[in-house]
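Q: The structure file run.txt (compact mmCIF, C-alpha atoms and all ligand atoms) is provided below.
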```
# COMPACT_ATOMS: atom_id res chain seq x y z
CA MET A 1 7.26 19.68 -10.60
CA ASN A 2 5.26 17.05 -12.48
CA ILE A 3 5.18 13.48 -11.20
CA GLU A 4 7.20 12.09 -14.16
CA THR A 5 10.04 14.47 -13.24
CA LYS A 6 9.71 13.77 -9.51
CA CYS A 7 10.13 10.03 -10.19
CA LEU A 8 13.58 10.79 -11.58
CA HIS A 9 14.75 13.77 -9.59
CA SER A 10 13.39 13.88 -6.06
CA GLY A 11 15.05 12.18 -3.09
CA TYR A 12 18.83 12.19 -3.31
CA LYS A 13 20.41 15.56 -4.02
CA PRO A 14 24.03 15.08 -5.11
CA ALA A 15 26.69 17.53 -3.90
CA ASN A 16 28.19 19.73 -6.61
CA GLY A 17 30.12 17.62 -9.04
CA ALA A 18 28.96 14.28 -7.61
CA PRO A 19 27.26 11.86 -10.00
CA GLY A 20 23.46 12.03 -9.86
CA VAL A 21 22.95 8.39 -8.91
CA MET A 22 21.99 7.43 -5.40
CA PRO A 23 24.87 6.13 -3.24
CA ILE A 24 24.42 2.90 -1.30
CA VAL A 25 25.42 3.53 2.31
CA GLN A 26 26.01 -0.10 3.19
CA SER A 27 26.70 0.36 6.86
CA THR A 28 25.14 -0.70 10.12
CA THR A 29 26.52 2.21 12.04
CA TYR A 30 27.92 5.76 11.95
CA ARG A 31 31.00 7.06 13.76
CA PHE A 32 30.93 10.11 16.05
CA ASP A 33 33.65 12.15 17.72
CA SER A 34 32.20 12.33 21.21
CA THR A 35 30.01 10.45 23.64
CA GLU A 36 28.16 13.69 24.29
CA HIS A 37 27.21 13.88 20.61
CA ILE A 38 25.76 10.35 20.66
CA ALA A 39 24.02 11.00 23.99
CA ALA A 40 22.27 14.00 22.42
CA LEU A 41 21.08 11.79 19.56
CA PHE A 42 19.44 9.42 22.02
CA ASP A 43 17.39 12.39 23.22
CA MET A 44 16.65 13.77 19.77
CA PRO A 45 17.64 11.56 16.82
CA THR A 46 18.47 14.21 14.23
CA GLU A 47 21.33 12.27 12.57
CA PHE A 48 21.82 8.71 11.37
CA MET A 49 22.76 6.55 14.32
CA TYR A 50 21.96 2.91 13.56
CA SER A 51 20.57 1.24 10.42
CA ARG A 52 17.88 -0.75 12.23
CA PHE A 53 15.66 2.33 11.90
CA ALA A 54 17.34 4.90 9.60
CA ASN A 55 19.90 4.88 6.81
CA PRO A 56 20.92 7.56 4.28
CA THR A 57 20.00 5.51 1.18
CA CYS A 58 16.62 4.57 2.67
CA ASP A 59 16.16 8.18 3.76
CA ALA A 60 16.59 9.47 0.20
CA VAL A 61 13.98 6.99 -1.08
CA GLU A 62 11.64 7.88 1.79
CA LYS A 63 11.88 11.55 0.81
CA LYS A 64 11.13 10.68 -2.79
CA ILE A 65 8.02 8.64 -1.94
CA ALA A 66 6.77 11.30 0.50
CA ASP A 67 7.13 13.82 -2.32
CA LEU A 68 5.34 11.57 -4.86
CA GLU A 69 2.40 11.11 -2.46
CA GLY A 70 2.39 14.76 -1.34
CA GLY A 71 3.15 13.88 2.29
CA VAL A 72 5.44 15.42 4.92
CA GLY A 73 7.44 12.27 5.63
CA ALA A 74 7.72 8.56 4.97
CA MET A 75 9.30 5.46 6.48
CA LEU A 76 10.32 2.38 4.52
CA THR A 77 9.60 -1.07 5.92
CA SER A 78 10.87 -4.52 4.96
CA SER A 79 7.50 -5.56 3.47
CA GLY A 80 4.01 -4.27 2.81
CA GLN A 81 2.78 -6.39 5.73
CA ALA A 82 5.16 -4.57 8.07
CA ALA A 83 3.83 -1.24 6.77
CA SER A 84 0.20 -2.26 7.43
CA MET A 85 1.11 -3.57 10.88
CA ILE A 86 3.01 -0.45 11.97
CA SER A 87 0.42 1.89 10.47
CA ILE A 88 -2.12 0.46 12.94
CA LEU A 89 0.15 -0.23 15.94
CA ASN A 90 1.32 3.38 15.82
CA ILE A 91 -2.26 4.35 16.71
CA CYS A 92 -3.92 1.40 18.46
CA SER A 93 -2.98 -0.41 21.66
CA ALA A 94 -4.57 -3.38 23.41
CA GLY A 95 -8.18 -2.47 24.18
CA ASP A 96 -8.60 -0.29 21.07
CA SER A 97 -10.48 -1.04 17.86
CA PHE A 98 -10.32 0.17 14.27
CA ILE A 99 -12.55 -0.19 11.22
CA ALA A 100 -11.35 -1.86 7.99
CA THR A 101 -13.22 -2.60 4.79
CA SER A 102 -13.70 -6.29 4.11
CA THR A 103 -12.41 -6.17 0.52
CA ILE A 104 -8.76 -5.56 1.48
CA TYR A 105 -5.87 -7.92 0.61
CA GLY A 106 -6.17 -11.40 2.19
CA GLY A 107 -2.86 -11.12 4.04
CA THR A 108 -4.01 -7.88 5.64
CA ILE A 109 -7.31 -9.50 6.60
CA ASN A 110 -5.34 -12.18 8.42
CA LEU A 111 -2.97 -9.68 10.06
CA PHE A 112 -5.87 -7.59 11.32
CA GLY A 113 -8.36 -10.35 12.16
CA VAL A 114 -6.01 -12.93 13.70
CA THR A 115 -2.65 -11.49 14.74
CA LEU A 116 -3.74 -8.04 15.93
CA LYS A 117 -6.64 -9.72 17.73
CA LYS A 118 -4.07 -11.73 19.72
CA LEU A 119 -2.51 -8.40 20.71
CA GLY A 120 -5.87 -7.22 22.04
CA ILE A 121 -6.75 -4.95 19.10
CA GLU A 122 -10.15 -5.47 17.53
CA VAL A 123 -10.83 -4.98 13.83
CA ILE A 124 -14.41 -4.06 12.94
CA TRP A 125 -15.14 -5.18 9.36
CA ALA A 126 -17.17 -2.84 7.18
CA ASP A 127 -18.77 -3.10 3.76
CA ALA A 128 -16.95 -0.47 1.67
CA GLU A 129 -20.26 0.44 0.00
CA ALA A 130 -22.27 0.80 3.22
CA SER A 131 -24.11 4.09 3.76
CA GLU A 132 -22.69 6.77 6.07
CA GLU A 133 -25.38 5.94 8.65
CA GLU A 134 -24.49 2.25 8.61
CA ILE A 135 -20.79 2.99 8.92
CA GLN A 136 -21.39 5.46 11.75
CA LYS A 137 -23.06 2.68 13.77
CA LEU A 138 -19.81 0.65 13.62
CA PHE A 139 -17.79 3.22 15.56
CA LYS A 140 -17.17 2.49 19.23
CA GLU A 141 -15.77 4.68 21.97
CA ASN A 142 -12.37 2.97 21.53
CA THR A 143 -12.25 3.14 17.69
CA LYS A 144 -9.01 4.85 16.66
CA ALA A 145 -8.64 4.53 12.86
CA VAL A 146 -10.21 3.52 9.56
CA PHE A 147 -8.42 1.45 6.88
CA GLY A 148 -9.21 0.79 3.19
CA GLU A 149 -7.53 0.00 -0.16
CA THR A 150 -7.69 2.39 -3.15
CA LEU A 151 -8.02 -0.54 -5.58
CA ALA A 152 -8.98 -3.65 -3.64
CA ASN A 153 -6.85 -6.75 -4.15
CA PRO A 154 -8.24 -8.86 -5.82
CA ALA A 155 -11.84 -7.62 -6.08
CA LEU A 156 -10.69 -4.40 -7.82
CA CYS A 157 -13.40 -2.25 -6.21
CA VAL A 158 -12.55 1.47 -6.11
CA PHE A 159 -12.54 2.82 -2.56
CA ASP A 160 -14.56 6.01 -2.07
CA ILE A 161 -11.74 7.79 -0.24
CA GLU A 162 -13.54 11.12 0.22
CA LYS A 163 -16.62 9.51 1.77
CA TRP A 164 -14.52 7.44 4.19
CA ALA A 165 -12.24 10.37 5.07
CA ASN A 166 -15.26 12.48 6.00
CA ILE A 167 -16.70 9.76 8.22
CA ALA A 168 -13.33 9.10 9.88
CA HIS A 169 -12.82 12.82 10.55
CA LYS A 170 -16.33 13.25 11.97
CA ASN A 171 -15.24 10.66 14.51
CA ASN A 172 -11.87 12.37 15.12
CA VAL A 173 -9.82 9.47 13.80
CA PRO A 174 -7.47 9.21 10.78
CA LEU A 175 -8.09 7.39 7.50
CA ILE A 176 -5.31 5.03 6.40
CA VAL A 177 -5.29 4.02 2.72
CA ASP A 178 -3.35 1.16 1.14
CA ASN A 179 -2.46 2.69 -2.24
CA THR A 180 -0.41 -0.26 -3.54
CA PHE A 181 -2.13 -0.95 -6.88
CA ALA A 182 -2.77 2.68 -7.77
CA THR A 183 0.66 4.07 -6.83
CA PRO A 184 0.93 7.86 -6.53
CA TYR A 185 1.05 8.03 -10.32
CA LEU A 186 -2.61 7.03 -10.63
CA CYS A 187 -4.04 8.27 -7.32
CA ARG A 188 -2.84 10.42 -4.44
CA PRO A 189 -5.22 9.66 -1.56
CA PHE A 190 -4.12 12.73 0.47
CA GLU A 191 -5.79 14.92 -2.18
CA PHE A 192 -9.11 13.31 -1.18
CA GLY A 193 -8.67 13.59 2.59
CA ALA A 194 -6.75 10.43 3.56
CA ASP A 195 -4.31 10.99 6.43
CA ILE A 196 -1.86 8.10 6.12
CA VAL A 197 -0.93 6.09 3.03
CA ILE A 198 0.80 2.73 3.00
CA HIS A 199 2.18 0.65 0.13
CA SER A 200 3.54 -2.76 -0.55
CA THR A 201 6.48 -1.48 -2.61
CA SER A 202 7.03 -5.12 -3.65
CA LYS A 203 4.48 -4.40 -6.41
CA TYR A 204 4.54 -1.58 -8.99
CA MET A 205 6.95 0.65 -7.09
CA ASP A 206 9.77 -1.90 -7.17
CA GLY A 207 8.27 -2.99 -10.46
CA HIS A 208 10.60 -5.83 -11.34
CA ALA A 209 9.77 -8.51 -8.73
CA LEU A 210 13.21 -8.03 -7.18
CA GLN A 211 12.56 -7.47 -3.48
CA CYS A 212 9.80 -7.17 -0.92
CA GLY A 213 9.29 -3.83 0.75
CA GLY A 214 6.76 -1.41 2.13
CA VAL A 215 6.36 2.23 3.04
CA ILE A 216 4.21 4.40 5.30
CA VAL A 217 3.59 8.01 4.29
CA ASP A 218 2.23 10.71 6.58
CA SER A 219 0.16 13.55 5.10
CA GLY A 220 0.89 15.67 8.17
CA ASN A 221 -2.75 16.78 8.10
CA PHE A 222 -4.34 14.86 10.96
CA ASP A 223 -4.69 16.91 14.14
CA TRP A 224 -3.76 14.45 16.89
CA VAL A 225 -4.05 17.13 19.58
CA SER A 226 -7.53 18.43 18.93
CA SER A 227 -8.85 14.90 18.33
CA GLY A 228 -8.27 14.23 22.03
CA LYS A 229 -8.10 10.46 21.41
CA PHE A 230 -4.35 9.96 21.18
CA PRO A 231 -2.48 10.41 24.47
CA ASP A 232 0.47 8.45 23.03
CA PHE A 233 1.00 11.42 20.71
CA THR A 234 0.33 14.23 23.14
CA GLU A 235 1.82 12.98 26.43
CA PRO A 236 5.49 12.24 27.25
CA ASP A 237 6.92 8.97 25.87
CA GLU A 238 8.79 7.45 28.80
CA SER A 239 10.63 5.10 26.43
CA TYR A 240 12.16 8.14 24.74
CA HIS A 241 13.21 10.50 27.49
CA GLY A 242 9.86 12.23 27.74
CA VAL A 243 9.52 13.19 24.08
CA VAL A 244 6.03 14.55 23.28
CA TYR A 245 5.56 13.76 19.59
CA THR A 246 3.03 16.47 18.74
CA ARG A 247 4.88 19.14 20.74
CA ASP A 248 8.36 18.23 19.48
CA PHE A 249 7.66 17.19 15.88
CA GLY A 250 4.51 19.11 14.90
CA ASN A 251 2.89 17.76 11.75
CA MET A 252 5.47 14.95 11.50
CA ALA A 253 4.37 13.46 14.83
CA TYR A 254 2.90 10.26 13.33
CA ILE A 255 5.81 9.27 11.11
CA ILE A 256 8.49 10.17 13.64
CA LYS A 257 6.69 8.29 16.39
CA ALA A 258 6.44 5.25 14.07
CA ARG A 259 10.22 5.30 13.60
CA MET A 260 11.27 6.20 17.14
CA GLN A 261 9.02 3.73 18.90
CA LEU A 262 8.04 0.93 16.54
CA MET A 263 10.91 0.69 14.06
CA ARG A 264 13.33 1.00 16.96
CA ASP A 265 11.64 -1.93 18.69
CA PHE A 266 10.59 -4.15 15.74
CA GLY A 267 13.50 -3.38 13.41
CA CYS A 268 11.66 -4.37 10.21
CA TYR A 269 13.68 -1.85 8.19
CA PRO A 270 15.02 -2.55 4.69
CA ALA A 271 18.70 -2.78 3.86
CA ALA A 272 20.28 0.10 1.94
CA HIS A 273 20.68 -2.06 -1.15
CA SER A 274 16.94 -2.82 -1.19
CA ALA A 275 16.17 0.89 -1.03
CA PHE A 276 18.61 1.50 -3.88
CA LEU A 277 16.79 -1.11 -6.03
CA LEU A 278 13.43 0.36 -5.05
CA ASN A 279 14.62 3.73 -6.29
CA LEU A 280 15.52 2.23 -9.67
CA GLY A 281 11.93 1.01 -9.92
CA LEU A 282 10.57 4.41 -8.91
CA GLU A 283 12.59 6.14 -11.62
CA THR A 284 10.51 4.42 -14.31
CA LEU A 285 7.23 4.26 -12.36
CA SER A 286 5.38 6.85 -14.43
CA VAL A 287 6.40 5.32 -17.76
CA ARG A 288 5.49 1.82 -16.64
CA MET A 289 2.15 2.78 -15.09
CA LYS A 290 1.03 4.44 -18.34
CA GLN A 291 1.91 1.31 -20.32
CA TYR A 292 0.28 -1.10 -17.82
CA CYS A 293 -2.94 0.89 -18.07
CA GLU A 294 -2.84 0.98 -21.87
CA ASN A 295 -2.12 -2.77 -22.22
CA ALA A 296 -4.69 -3.75 -19.58
CA LEU A 297 -7.47 -1.70 -21.16
CA LYS A 298 -6.85 -3.45 -24.49
CA VAL A 299 -6.87 -6.85 -22.77
CA ALA A 300 -10.06 -6.01 -20.84
CA ASN A 301 -11.81 -4.88 -24.00
CA HIS A 302 -10.79 -8.12 -25.68
CA LEU A 303 -11.92 -10.35 -22.79
CA LYS A 304 -15.21 -8.64 -21.96
CA ASN A 305 -17.12 -10.43 -24.73
CA HIS A 306 -15.12 -13.67 -24.69
CA GLU A 307 -17.34 -16.76 -24.64
CA LYS A 308 -15.31 -18.38 -21.82
CA ILE A 309 -15.45 -15.32 -19.54
CA ASP A 310 -18.40 -14.86 -17.22
CA SER A 311 -17.56 -11.38 -15.99
CA ILE A 312 -14.66 -9.03 -15.69
CA ARG A 313 -13.86 -6.34 -13.14
CA TYR A 314 -11.63 -3.61 -14.47
CA PRO A 315 -12.76 -0.15 -13.35
CA ALA A 316 -11.19 1.64 -16.35
CA LEU A 317 -13.48 -0.38 -18.62
CA GLU A 318 -16.57 1.48 -19.83
CA GLY A 319 -19.62 -0.07 -18.15
CA ASP A 320 -17.73 -1.38 -15.10
CA GLU A 321 -19.63 -0.89 -11.84
CA TYR A 322 -16.82 1.37 -10.55
CA HIS A 323 -16.13 3.21 -13.80
CA GLU A 324 -17.59 6.58 -12.75
CA ARG A 325 -15.80 6.49 -9.40
CA ALA A 326 -12.57 5.50 -11.13
CA LYS A 327 -12.82 8.61 -13.29
CA LYS A 328 -12.76 10.70 -10.12
CA TYR A 329 -10.01 8.92 -8.20
CA LEU A 330 -7.97 7.30 -10.99
CA PRO A 331 -8.41 9.47 -14.07
CA LEU A 332 -5.27 8.15 -15.79
CA GLY A 333 -6.24 4.49 -15.52
CA THR A 334 -6.73 1.69 -13.03
CA SER A 335 -3.38 -0.17 -13.23
CA GLY A 336 -2.65 -3.46 -14.98
CA VAL A 337 -4.64 -5.62 -12.58
CA MET A 338 -8.10 -7.01 -13.31
CA ALA A 339 -10.31 -9.74 -11.92
CA ILE A 340 -11.82 -12.18 -14.39
CA ASN A 341 -14.44 -14.79 -13.59
CA ILE A 342 -14.03 -17.84 -15.79
CA LYS A 343 -17.16 -19.73 -16.90
CA GLY A 344 -17.26 -23.21 -15.40
CA GLY A 345 -16.24 -22.43 -11.80
CA ARG A 346 -13.15 -23.35 -9.80
CA GLN A 347 -12.00 -26.24 -12.04
CA ALA A 348 -12.22 -24.16 -15.22
CA ALA A 349 -10.26 -21.35 -13.52
CA MET A 350 -7.53 -23.79 -12.49
CA LYS A 351 -7.37 -25.27 -16.01
CA PHE A 352 -6.92 -21.76 -17.41
CA MET A 353 -4.19 -21.04 -14.86
CA ASP A 354 -2.34 -24.22 -15.80
CA SER A 355 -2.62 -23.50 -19.53
CA VAL A 356 -1.07 -20.04 -19.79
CA LYS A 357 2.40 -20.09 -21.36
CA LEU A 358 3.59 -16.49 -21.57
CA ALA A 359 1.84 -15.30 -18.40
CA CYS A 360 3.56 -16.49 -15.22
CA ASN A 361 1.57 -18.59 -12.77
CA GLU A 362 3.10 -17.06 -9.65
CA VAL A 363 2.41 -15.62 -6.22
CA HIS A 364 2.79 -12.03 -7.24
CA VAL A 365 0.88 -9.18 -8.81
CA ALA A 366 1.70 -5.81 -10.32
CA ASP A 367 4.78 -7.33 -11.87
CA ILE A 368 6.61 -6.16 -15.00
CA ARG A 369 5.63 -9.50 -16.62
CA THR A 370 2.05 -10.64 -17.07
CA CYS A 371 1.05 -12.99 -14.27
CA VAL A 372 -2.02 -14.83 -13.01
CA LEU A 373 -3.14 -16.02 -9.60
CA HIS A 374 -6.14 -17.98 -8.29
CA PRO A 375 -6.97 -16.28 -4.97
CA ALA A 376 -9.47 -18.88 -3.71
CA SER A 377 -6.82 -21.61 -3.71
CA GLU A 378 -3.75 -19.44 -3.04
CA THR A 379 -3.58 -15.99 -1.36
CA HIS A 380 -7.07 -16.19 0.13
CA ARG A 381 -7.19 -19.90 0.99
CA GLN A 382 -7.13 -19.12 4.74
CA LEU A 383 -10.44 -17.24 4.47
CA THR A 384 -13.77 -18.86 5.26
CA ASP A 385 -16.41 -19.03 2.48
CA GLU A 386 -18.16 -16.13 4.18
CA GLN A 387 -14.99 -14.04 4.19
CA LEU A 388 -14.34 -14.97 0.54
CA VAL A 389 -17.75 -13.60 -0.42
CA ALA A 390 -17.16 -10.44 1.64
CA ALA A 391 -13.76 -9.99 -0.01
CA GLY A 392 -15.38 -10.32 -3.45
CA VAL A 393 -13.44 -13.50 -4.24
CA ALA A 394 -15.50 -16.06 -6.20
CA PRO A 395 -14.07 -19.59 -6.65
CA ALA A 396 -13.76 -18.95 -10.42
CA LEU A 397 -12.00 -15.62 -10.02
CA VAL A 398 -8.56 -15.27 -11.56
CA ARG A 399 -6.49 -12.21 -10.84
CA LEU A 400 -4.82 -11.18 -14.05
CA SER A 401 -1.93 -8.74 -13.81
CA VAL A 402 -1.17 -7.42 -17.27
CA GLY A 403 2.50 -6.70 -17.81
CA LEU A 404 4.61 -4.80 -20.30
CA GLU A 405 4.96 -7.43 -23.03
CA ASN A 406 3.57 -6.63 -26.47
CA VAL A 407 -0.18 -6.64 -25.88
CA ASP A 408 -0.86 -8.85 -28.93
CA ASP A 409 1.33 -11.56 -27.41
CA ILE A 410 -0.51 -11.25 -24.07
CA ILE A 411 -3.91 -11.58 -25.75
CA ALA A 412 -2.77 -14.54 -27.87
CA ASP A 413 -1.58 -16.35 -24.74
CA LEU A 414 -4.83 -15.72 -22.84
CA ASP A 415 -6.87 -16.89 -25.85
CA GLN A 416 -4.95 -20.14 -26.18
CA ALA A 417 -5.30 -20.81 -22.43
CA LEU A 418 -9.05 -20.11 -22.52
CA ALA A 419 -9.37 -22.48 -25.49
CA GLN A 420 -7.97 -25.30 -23.31
CA ILE A 421 -10.98 -25.17 -20.95
C1 LIG A 501 -2.72 -4.36 -1.54
C2 LIG A 501 -1.63 -5.06 -0.78
N1 LIG A 501 -1.23 -4.56 0.40
C3 LIG A 501 -0.26 -5.17 1.11
C4 LIG A 501 0.35 -6.32 0.67
C5 LIG A 501 1.44 -6.96 1.48
O1 LIG A 501 2.65 -6.64 0.90
P1 LIG A 501 3.98 -7.53 1.00
O2 LIG A 501 3.74 -8.77 0.21
O3 LIG A 501 5.04 -6.65 0.42
O4 LIG A 501 4.21 -7.81 2.43
C6 LIG A 501 -0.03 -6.86 -0.57
C7 LIG A 501 0.61 -8.09 -1.07
O5 LIG A 501 0.18 -8.66 -2.04
C8 LIG A 501 -1.05 -6.21 -1.31
O6 LIG A 501 -1.45 -6.68 -2.50
```
What is this file in structure tokens?

A:
Amino acid sequence: MNIETKCLHSGYKPANGAPGVMPIVQSTTYRFDSTEHIAALFDMPTEFMYSRFANPTCDAVEKKIADLEGGVGAMLTSSGQAASMISILNICSAGDSFIATSTIYGGTINLFGVTLKKLGIEVIWADAEASEEEIQKLFKENTKAVFGETLANPALCVFDIEKWANIAHKNNVPLIVDNTFATPYLCRPFEFGADIVIHSTSKYMDGHALQCGGVIVDSGNFDWVSSGKFPDFTEPDESYHGVVYTRDFGNMAYIIKARMQLMRDFGCYPAAHSAFLLNLGLETLSVRMKQYCENALKVANHLKNHEKIDSIRYPALEGDEYHERAKKYLPLGTSGVMAINIKGGRQAAMKFMDSVKLACNEVHVADIRTCVLHPASETHRQLTDEQLVAAGVAPALVRLSVGLENVDDIIADLDQALAQI
């Protein structure tokens, strides 16, 4: 089935005669006939038991996203941050380390560098463009995973997934990819060797700026047993009646462990209604992604020679540093998001931000409406100057997220705002 069809048809399968829309199972709990039945579920949770970690509406959306990404299973979370956090905590414990590229989203940099550090987990920052030899030197005995972003927010670099997957696998650890900006419509990281994919579904997947959410998808391809580095997967889990995830769940060990241990304990699971809304966004994902890419390419071509623009990063644009790599990983386009450097530095960027009329000046990206954000003073303000440089965030950088308005109206608005500088 093609991805356009999957967006509409996978996930919920209605019973004969039932309407084809997804039902909202708005319930905390599920009623059973016997104590013995419930007791069995505590040993092996094969049915819905409690909505802190599983719910039929969420389940249908999880199946749809797993299918879109080409994975064996998925788990929704209440935000993209929760997805990033669980993706790592499902692998690393205090005393472990993992490698992450320094161009990832500012909130993830903080989560990894500050909060996980407090939990005793060390992040080792890497330059995404470093050579294999340089990257190899970063691995330690206790390194358990590698993390990168398909399209970096906001630097818009294209992550060389295949290169990083090979290095991760040589070291017997999985590669986790944040595929938020690309969505499975533009790139499916599992096809290039990634093992786990995460998303902030608050962005293009939801599509309408309605609700925060996240998802973790498991490719089912990583061999936790032969790696030899993951006793939490291969030895009995005392908190779950001696379950051995790899023995009992085969190639779904990662995603089932994430739900049975971490979602059970953290409970950062979305409500059924949020999953229902997310599904509405997914139904039009393919149509919207095509249009974002078309509008953004027109905007990028207009801005590239603009007298008030210093430089522009949009990998789909001919001549962009990442254009060739984008053709490999994102052949249909590189989303609606671009990074523009305004001539005149921080003040000029802020003047531009304050002058747009159609575009929304908001803390969001990958929205249905065109929006702008100034990372240096907003999302990335917690980073040091050194970290800003490493994340590819110049003081004059504006992140422009091109929406679905008529592209002539978008361009007219940007032109009038640039004229104010
Ligand atoms: C690439 C990326 N990953 C993760 C996140 C975090 O997602 P959320 O805001 O849904 O927690 C964001 C948020 O902007 C993001 O852009």

Q: Compute the distance from (27.1, 7.8, -3.4) to each atom, counting all atoms listed in the file, keep the residues with any atom at most 12 Å away, and return them as a ChimeraX atom specification; use the coordinates of the file.

A: /A:12-15,17-26,56-57,60,272-273,276

Q: Could you write those residues out with C-alpha atoms, as a compact mmCIF listing (two decimals), in the frame of the given file?

A:
```
# COMPACT_ATOMS: atom_id res chain seq x y z
CA TYR A 12 18.83 12.19 -3.31
CA LYS A 13 20.41 15.56 -4.02
CA PRO A 14 24.03 15.08 -5.11
CA ALA A 15 26.69 17.53 -3.90
CA GLY A 17 30.12 17.62 -9.04
CA ALA A 18 28.96 14.28 -7.61
CA PRO A 19 27.26 11.86 -10.00
CA GLY A 20 23.46 12.03 -9.86
CA VAL A 21 22.95 8.39 -8.91
CA MET A 22 21.99 7.43 -5.40
CA PRO A 23 24.87 6.13 -3.24
CA ILE A 24 24.42 2.90 -1.30
CA VAL A 25 25.42 3.53 2.31
CA GLN A 26 26.01 -0.10 3.19
CA PRO A 56 20.92 7.56 4.28
CA THR A 57 20.00 5.51 1.18
CA ALA A 60 16.59 9.47 0.20
CA ALA A 272 20.28 0.10 1.94
CA HIS A 273 20.68 -2.06 -1.15
CA PHE A 276 18.61 1.50 -3.88
```

Q: Pick out the residues sitting within 12 Å of A:Pro174, and hand them over as a PyMOL selection string; count all atoms listed in the file, and ignore anything fewer than 3 positions along from it in its own chain.

A: chain A and resi 87-88+90-92+98-99+143-148+161+164-171+177+190+193-197+218-224+227+229-230+254

Q: For atom CA of A:Phe112 and atom CA of A:Ala100, determine how far apart the two atoms are, in Å to one decimal place.

A: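 It comes out at 8.6 Å.
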
Q: Within 10 Å of A:Thr5, counting all atoms listed in the file, which residues qualify if same-chain residues fewer than 4 places away don't, as a PyMOL selection string?

A: chain A and resi 1+9-10+283+286

Q: Please provide as a PyMOL selection string all residues within 12 Å of A:Val407, with the sequence filter that same-chain residues fewer than 4 positions apart are discarded (counting only C-alpha atoms).

A: chain A and resi 291-302+336+358-359+369-370+402-403+411-414

Q: Please save C-alpha atoms of the selected residues as an mmCIF file, in the frame of the given file.

A:
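Printed below is part-v4.cif as written:
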```cif
data_model
loop_
_atom_site.group_PDB
_atom_site.id
_atom_site.type_symbol
_atom_site.label_atom_id
_atom_site.label_comp_id
_atom_site.auth_asym_id
_atom_site.auth_seq_id
_atom_site.Cartn_x
_atom_site.Cartn_y
_atom_site.Cartn_z
ATOM 1 C CA GLN A 291 1.910 1.310 -20.320
ATOM 2 C CA TYR A 292 0.280 -1.100 -17.820
ATOM 3 C CA CYS A 293 -2.940 0.890 -18.070
ATOM 4 C CA GLU A 294 -2.840 0.980 -21.870
ATOM 5 C CA ASN A 295 -2.120 -2.770 -22.220
ATOM 6 C CA ALA A 296 -4.690 -3.750 -19.580
ATOM 7 C CA LEU A 297 -7.470 -1.700 -21.160
ATOM 8 C CA LYS A 298 -6.850 -3.450 -24.490
ATOM 9 C CA VAL A 299 -6.870 -6.850 -22.770
ATOM 10 C CA ALA A 300 -10.060 -6.010 -20.840
ATOM 11 C CA ASN A 301 -11.810 -4.880 -24.000
ATOM 12 C CA HIS A 302 -10.790 -8.120 -25.680
ATOM 13 C CA GLY A 336 -2.650 -3.460 -14.980
ATOM 14 C CA LEU A 358 3.590 -16.490 -21.570
ATOM 15 C CA ALA A 359 1.840 -15.300 -18.400
ATOM 16 C CA ARG A 369 5.630 -9.500 -16.620
ATOM 17 C CA THR A 370 2.050 -10.640 -17.070
ATOM 18 C CA VAL A 402 -1.170 -7.420 -17.270
ATOM 19 C CA GLY A 403 2.500 -6.700 -17.810
ATOM 20 C CA ILE A 411 -3.910 -11.580 -25.750
ATOM 21 C CA ALA A 412 -2.770 -14.540 -27.870
ATOM 22 C CA ASP A 413 -1.580 -16.350 -24.740
ATOM 23 C CA LEU A 414 -4.830 -15.720 -22.840
#
```

Q: Hey, can you pull every residue with an atom no more than 12 Å from (-12.9, -11.1, -21.5), using only C-alpha atoms, and send it as number ranges by chain?

A: A: 296-314, 317, 338-343, 398, 400, 411, 414-415, 418

Q: For stretch 31-44 of chain A, list every protein, DNA or RNA residue within 10 Å, evaluated using all atoms listed in the file, and leave out those in the same chain fewer than 5 positions away; present the list as a PyMOL selection string.

A: chain A and resi 49-50+240-243+248+260

Q: So, counting all atoms listed in the file, which residue among A:Ile3, A:Leu89, A:Ala366, A:Ala419 is closest to ligand LIG 501 (chain A)?

A: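 Of all the options, A:Ala366 lies closest to ligand LIG 501 (chain A).
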
Q: I'd like the interatomic distance between atom CA of A:Gln382 and atom CA of A:Ala152, to a tenth of an Å.

A: 17.7 Å

Q: Grab the atom CA of A:Leu186 to atom CA of A:Met75 distance for me, in Å with one decimal place.

A: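 Straight-line distance from atom CA of A:Leu186 to atom CA of A:Met75 works out to 20.9 Å.
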
Q: When distances are computed from all atoms listed in the file, which of A:His199, A:Leu383, A:Arg288, A:Ile86 shows the smallest separation from A:Val114?

A: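 Looking at the shortest contact to A:Val114, the residue is A:Leu383.
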
Q: Go through A:Tyr269, A:Phe352, A:Phe181, A:Tyr329 and flag the residue nearest A:Ala54, using only C-alpha atoms for the distances.

A: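 Closest residue, counting only C-alpha atoms: A:Tyr269.
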